[in-house]
Structure formats: structure tokens, C-alpha cells
Amino acid sequence: MEQQAIIEANDPGTAVVAGSNVGKTFANGTVVALDNAEFTIPKGKFVSLVGPSGCGKSTLLRLIAGLIAPTSGHLHVHGTQVAGPRQDVAMMFQRATLLEWRTAIENVLLPTEIAGNVEDADRERAMELLHLVGLGDFAFSFPAQLSGGMQQRVALARLLQTGADVILLDEPFGALDEFTRERLNVELLRIVAEVGATTVFVTHNIAEAIFLADEVYVMTPRPGRIAKVIDVPLERPRELAIQTSPEFNHLVDEARDVLGAH
Amino acid sequence: MADTVAQSTMNQRAGMSLRTRRILTHAGIFALLLLAWEIGSRTGLLDPLFYPRPTDILASFWRVYVTQGNIWFHLYASLGLVLAGFVAGSIMGIGLGALVGFNPLVRRFIKPYVIVLEATPRIAVAPLLIAALGFGAQSKIAIIMLVCFFAPFINTLSGVVNVNEEKLELFKSLGASKMQTLRKLVLPEAVPVIMAGERLALTAALSGVLVAEFIQRDQGIGSLILTYTRNLNMASAFACIFTLTIIGFLIFRFMEWLDHRIAFWNHEDGLNRNAQKRQARWSKKLATA
Ligand SMILES: Nc1ncnc2c1ncn2[C@@H]1O[C@H](COP(=O)(O)OP(=O)(O)OP(=O)(O)O)[C@@H](O)[C@H]1O
Ligand SMILES: [Mg+2]
């Protein structure tokens with residue numbers, strides 16, 4: 001499955017997300033949140049956006065999600081222009097944003113409920129996804145009964161329940177402690193490989209960005225720009241230990257240089 | 001590990017005896033207080049006219065509830081009004097609060113009036129209401145409605161307006177309709193705040209009915225208190241007042257109980273209870289399929 005994703009990804013005809021000259025300004029054009037972004041993300045690829053606060057990472061993500069409209073340029077997903085929230089794109093936030101009055105499984109089913117009727121197949125799928133994120137035993141727990149890490153797992157299962165194959169993650173584990181975050185990152189890689197999703201992942205952390213990604217977009221602020229795209233040729237599946245390898249550290253330095261020079 | 005477990009059970013045991021000891025202390029202090037009061041008014045230190053002896057109050061309780069039994073009629077009258085005014089006032093408050101909250105345009109135009117209303121002591125309007133509606137139950141209910149209206153109104157309004165931005169964004173990204181966002185997000189999220197408003201409203205209703213009955217002295221526990229104090233029958237007046245204390249306490253406990261049922265996700269017991277219930281419901285759903 002993973003092999004197949006890589007083969008398809010190398011085919012230039014399968015760009016899933018593409019932006020040309022995408023710009024977004026706020027406050028009547030006085031704040032340039034994103035300036036002239038050009039990028040294509042092939043099917044099944046994992047892209048990390050990394051950069052300091054205010055460089056437009058969330059803005060780019062929200063543009064792809066169709067939550068806001070660009071002030072200039074064009075954005076395409078699966079070859080059609082993004083004109084609003086859509087079924088094939090799903091987003092996850094820094095906080096789990098679970099509904100406290102719903103159990104884990106009921107939270108996972110929310111996207112299905114909103115899209116239409118809940119069938120038994122959907123219920124089974126939701127249960128499978130909870131197992132996939134390692135929460136099979138907690139399906140009937142309420143968010144308040146789960147740890148922060150478990151809540152994010154539920155949010156991830158909910159994201160997958162949408163059936164979207166483009167998934168956007170805005171610092172999804174940023175509020176968690178480092179151990180939990182590292183573990184969840186490894187699991188995230190396993191999960192997106194398993195469902196074959198195209199992923200855009202926002203983080204402040206250079207090492208995290210490189211560890212996860214096929215390509216890292218290094219972004220700089222004022223105006224928000226994609227300053228450099230770093231290819232990450234490290235083999236998969238990845239283990240946490242690669243972070244001590246010379247190749248890995250070379251990539252970290254490369255990203256640091258871009259950010260430091262700015 | 002074993003150490004901490006042992007310690008925690010020890011703490012628990014110590015806590016339990018502490019609890020009973022505390023209850024005993026409270027009971028002791030209360031008994032002393034009553035005794036001091038009793039002695040005070042027997043020796044004339046406290047004017048027995050205004051501070052009747054606890055034993056006299058106890059005798060009055062017996063009289064108004066049993067031998068004369070006259071309090072029941074007034075109690076029913078007052079509680080009926082409380083219920084009617086509370087229900088009407090809070091339905092109005094919640095309804096208007098939701099309406100104003102959902103509609104930014106209405107909100108803008110209504111806000112100045114809300115501020116004016118908030119700054120005005122509601123009780124001040126009571127005599128006007130009686131003048132307008134005449135003597136009788138309807139003006140009393142109107143007064144109670146007025147004092148009940150505000151807390152549910154403000155709380156519903158703020159609950160509906162202050163919905164978590166991230167959750168709204170989530171619903172938007174899932175392509176939810178306005179109606180779906182309302183039913184599945186905004187209303188449930190506002191429930192705990194609305195419940196808090198209802199708690200205040202019911203307490204206010206109890207004061208409201210007294211004010212209404214003080215002004216319009218035909219029946220009800222408020223007018224009974226007035227009658228007793230005018231006849232200098234303070235022991236019976238105290239019996240009425242302590243009755244209200246008990247009712248106030250029961251209202252408080254009832255609303256607390258209701259909150260644990262309705263806004264269950266804010267309470268541990270509610271979470272556990274509902275988790276089991278939902279699991280059972282889920283299993284049944286899949287079994288019948
Ligand atoms: N709705 C908005 N209105 C006005 N300005 C905005 C808005 N959203 C973002 N901005 C501005 O656009 C710029 C980019 O914001 P964005 O949230 O995309 O940054 P970010 O890279 O996600 O930062 P962080 O790492 O802090 O999350 C910032 O200067 C921000 O103040
Ligand atoms: Mg951000």
C-alpha cells in the first residue's frame with residue numbers, strides 16, 4: 001500500500017493540491033498573511049509547513065480547506081478550484097475541539113451525521129477508526145474522561161471518518177507534552193500511510209517537520225512566504241532514531257539557515 | 001507505589017472521622033446557639049417580643065402546620081405563583097435570549113434596552129405592574145416573571161454568542177448547515193450557562209413572590225408573614241420564614257440535581273452514568289440491525 005502511494009506520488013500527473021500565485025491579505029491589504037505561494041502536492045505526499053509565528057501557516061491551511069478565500073491567485077484540489085469547505089478535504093486543529101456531551105464514538109460520527117444519515121456501515125467504520133488510533137476501549141468515554149493525547153486521537157479518527165483524502169493538520173499535537181507528541185507523530189505516519197492520504201502538517205518545530213515530511217515548506221513572515229522547499233529523502237517507515245543521523249541534522253541545518261537568514 | 005496506596009486509604013479513613021467530627025461540631029455549635037437564644041429571651045436579654053424563644057417557634061410550627069393548619073393554603077398559593085412565574089419568565093428569557101443571540105441585527109437594536117433594564121432594580125417596577133394589571137394573580141405572576149426573566153435571558157444570550165470559535169470552524173469545515181450548527185453545537189454548548197441562569201431565576205422567583213405578596217396582601221406566605229408581624233405574633237412569623245429557608249434549600253438542591261442530569265458532562269457522576277447508558281444503547285442499535 002505504501003509502495004503504491006510512493007509510485008503514484010512520483011507521477012507528475014497526480015498533483016492533488018496545487019496553488020498558483022496564492023495570496024491572502026487582511027485588514028484591507030495592510031497585513032500580507034501569505035504572498036504569492038506557488039506549490040503542488042502530489043498524491044499521498046506528506047508536506048510540513050514550518051516557520052515562526054505569523055508567517056502564514058494557518059492561513060495557507062485555511063485557504064486549502066476553503067474556510068477563507070484567497071485575495072489573489074488560484075487554489076485547486078483534485079483539479080477543481082477551491083470555492084468553500086469540501087468533502088475531500090478535512091482539517092484538524094491544535095485543540096481537539098470535541099463536543100463534550102458526546103462520547104468518543106459519537107464524536108467520530110459527527111461528520112457522517114452532518115453529511116446525511118448514519119448507517120450501520122458508518123458506525124462500524126467509526127469503531128474501526130477508533131481502533132486504528134488505538135482507542136478501541138474508549139469508544140464510550142466522554143472527552144472529559146480522556147487525556148489530552150487521547151482527545152487528539154479521537155479528533156484524528158473524526159477527521160478520517162470524513163473520508164477526505166486531503167488532510168490538513170494545524171499543530172495537531174502542539175498542546176501535548178513531548179513524549180506524547182513524538183508517539184503520536186509516529187502513529188500519524190502509520191495511519192496516513194494506511195489510508196493513503198495527502199497530508200499538510202503545520203508545526204513550529206523544525207525537527208518534527210522534517211521527521212514527518214516528504215517535503216518541508218520553510219516559511220518566513222512579513223510578508224508570509226514559502227521561502228524554501230526542502231526535499232526529505234529519508235526512507236520510510238521512519239523511526240524516532242533517525243533524528244540523530246547526520247542526514248537528518250543536515251536537513252535541520254538547511255532549514256535553520258533559511259529561517260536564520262531572514 | 002504500595003506506600004502511596006496505603007497512605008491514601010489512611011487519609012480517607014482520617015477524612016471520614018474528620019467529617020463526622022465536623023458534623024458533630026456543627027451540631028454542637030447550633031445547639032449552643034439555640035440554647036443561648038432560649039436563655040437570652042427567657043432572661044429578657046433579648047426582647048421576647050421580637051426574638052421569640054426557639055421553643056415558642058417550634059410550638060408555632062406545630063400550630064400553623066398541624067393544629068390550625070392555616071399555612072398550607074398560603075404555601076400552595078405562593079408556590080403556584082412561583083412555578084407559573086418562573087416557567088413563564090424563563091421561557092421568555094431563554095426564547096428572547098436565543099432570538100437576540102442568533103440575530104446580530106436584533107442584538108444591535110436591543111442592546112441599549114438590555115443595559116437600561118439591567119441597571120433598573122426590577123422590584124421598583126412592581127407597583128406599576130399592579131397598577132397596570134390590577135389586583136389578582138396575573139399582576140403577581142407578572143412581577144415574578146420580571147424578576148425571573150433576566151438571568152436566563154442574559155445567560156442564554158451569552159451562551160449562544162460565545163460559542164467556541166474553533167468548534168464553529170470545525171462545523172464550517174464539515175459543511176454543516178446553519179440549522180445543524182445550531183442544534184448540534186450552539187444549543188448544547190449553551191446548556192450549562194442556561195442552567196446556571198435558571199438556578200438564579202428560581203431563587204429570584206421566591207423573593208419575587210414575597211415582594212408581590214407584601215404589596216398585594218390578600219394571600220400567600222408573604223402576606224401571612226405580614227399579618228403575623230402586625231399582630232406581633234413573631235413566633236409564627238419565624239415559622240413562616242424558616243419554612244422559606246427550607247424551601248430555598250430544597251430549590252437549591254433540586255436545581256443542582258437537575259444540572260447534574262441536563263449538563264451532565266460537567267459532572268463526574270453524570271459522565272459515568274451516561275457513558276454506560278450510551279454504550280448499552282449502541283449495542284442495542286447494532287444488535288437489531
Ligand atoms: N482573520 C485575520 N484577521 C487579520 N489578520 C489575520 C487574520 N488571520 C491571520 N492574520 C494575520 O496574518 C498573519 C499570518 O497569520 P497565521 O495565523 O497564518 O500565522 P501562523 O503562521 O499560523 O502563526 P502561528 O504559528 O502563530 O499559528 C499574521 O500576521 C496574523 O496576524
Ligand atoms: Mg497558526
# chains A, B, ... in the order shown; residues from 1 in each chain; ligands from 1
call {"tool": "interface_residues", "arguments": {"of": "chain A", "to": "chain B", "cutoff": "10 Å", "atoms": "only C-alpha atoms", "output": "ChimeraX atom specification"}}
result
/A:62,65-67,84-87,89-106,110-115,119-120,123-124,139-145,159,162
call {"tool": "closest_atom_pairs", "arguments": {"of": "chain A", "to": "ligand 2", "cutoff": "10 Å", "atoms": "only C-alpha atoms and all ligand atoms", "output": "tab-separated table"}}
result
residue	atom	partner	partner_atom_place_in_ligand_line	distance
A:Gly51	CA	ligand 2	1 (Mg)	9.9
A:Pro52	CA	ligand 2	1 (Mg)	9.4
A:Ser53	CA	ligand 2	1 (Mg)	7.0
A:Gly54	CA	ligand 2	1 (Mg)	7.1
A:Cys55	CA	ligand 2	1 (Mg)	8.4
A:Gly56	CA	ligand 2	1 (Mg)	7.1
A:Lys57	CA	ligand 2	1 (Mg)	5.6
A:Ser58	CA	ligand 2	1 (Mg)	4.1
A:Thr59	CA	ligand 2	1 (Mg)	7.2
A:Leu60	CA	ligand 2	1 (Mg)	9.3
A:Leu61	CA	ligand 2	1 (Mg)	8.8
A:Arg62	CA	ligand 2	1 (Mg)	9.6
A:Phe93	CA	ligand 2	1 (Mg)	9.3
A:Gln94	CA	ligand 2	1 (Mg)	8.8
A:Asp170	CA	ligand 2	1 (Mg)	6.7
A:Glu171	CA	ligand 2	1 (Mg)	7.5
A:Val202	CA	ligand 2	1 (Mg)	7.7
A:Thr203	CA	ligand 2	1 (Mg)	8.4
A:His204	CA	ligand 2	1 (Mg)	9.1
call {"tool": "residues_around", "arguments": {"residues": "region 242-255 of chain A", "least_positions_apart": "4", "cutoff": "7 Å", "atoms": "only C-alpha atoms", "output": "list of chain:residue names"}}
result
A:Ile206, A:Ala207, A:Val218, A:Leu259
call {"tool": "select_by_dssp", "arguments": {"residues": "region 218-248 of chain B", "states": "alpha helix (DSSP H)", "output": "list in words"}}
result
Ile221, Gly222, Ser223, Leu224, Ile225, Leu226, Thr227, Tyr228, Thr229, Arg230, Met234, Ala235, Ser236, Ala237, Phe238, Ala239, Cys240, Ile241, Phe242, Thr243, Leu244, Thr245, Ile246, Ile247 and Gly248 of chain B
call {"tool": "closest_residue", "arguments": {"among": "A:Met150, A:Ala155, A:Ala164, A:Ser20", "to": "Leu176 (chain A)", "atoms": "only C-alpha atoms"}}
result
A:Met150
call {"tool": "residues_around", "arguments": {"residues": "Ile225 (chain B)", "least_positions_apart": "5", "cutoff": "8 Å", "atoms": "only C-alpha atoms", "output": "ChimeraX atom specification"}}
result
/B:236-237,240-241
call {"tool": "write_last_selection", "arguments": {"atoms": "C-alpha atoms", "output": "CSV table (one decimal), in the first residue's frame"}}
result
chain,number,residue,atom,x,y,z
B,236,SER,CA,-45.4,32.3,63.9
B,237,ALA,CA,-43.7,34.8,61.5
B,240,CYS,CA,-43.1,31.1,58.1
B,241,ILE,CA,-39.6,32.4,57.5
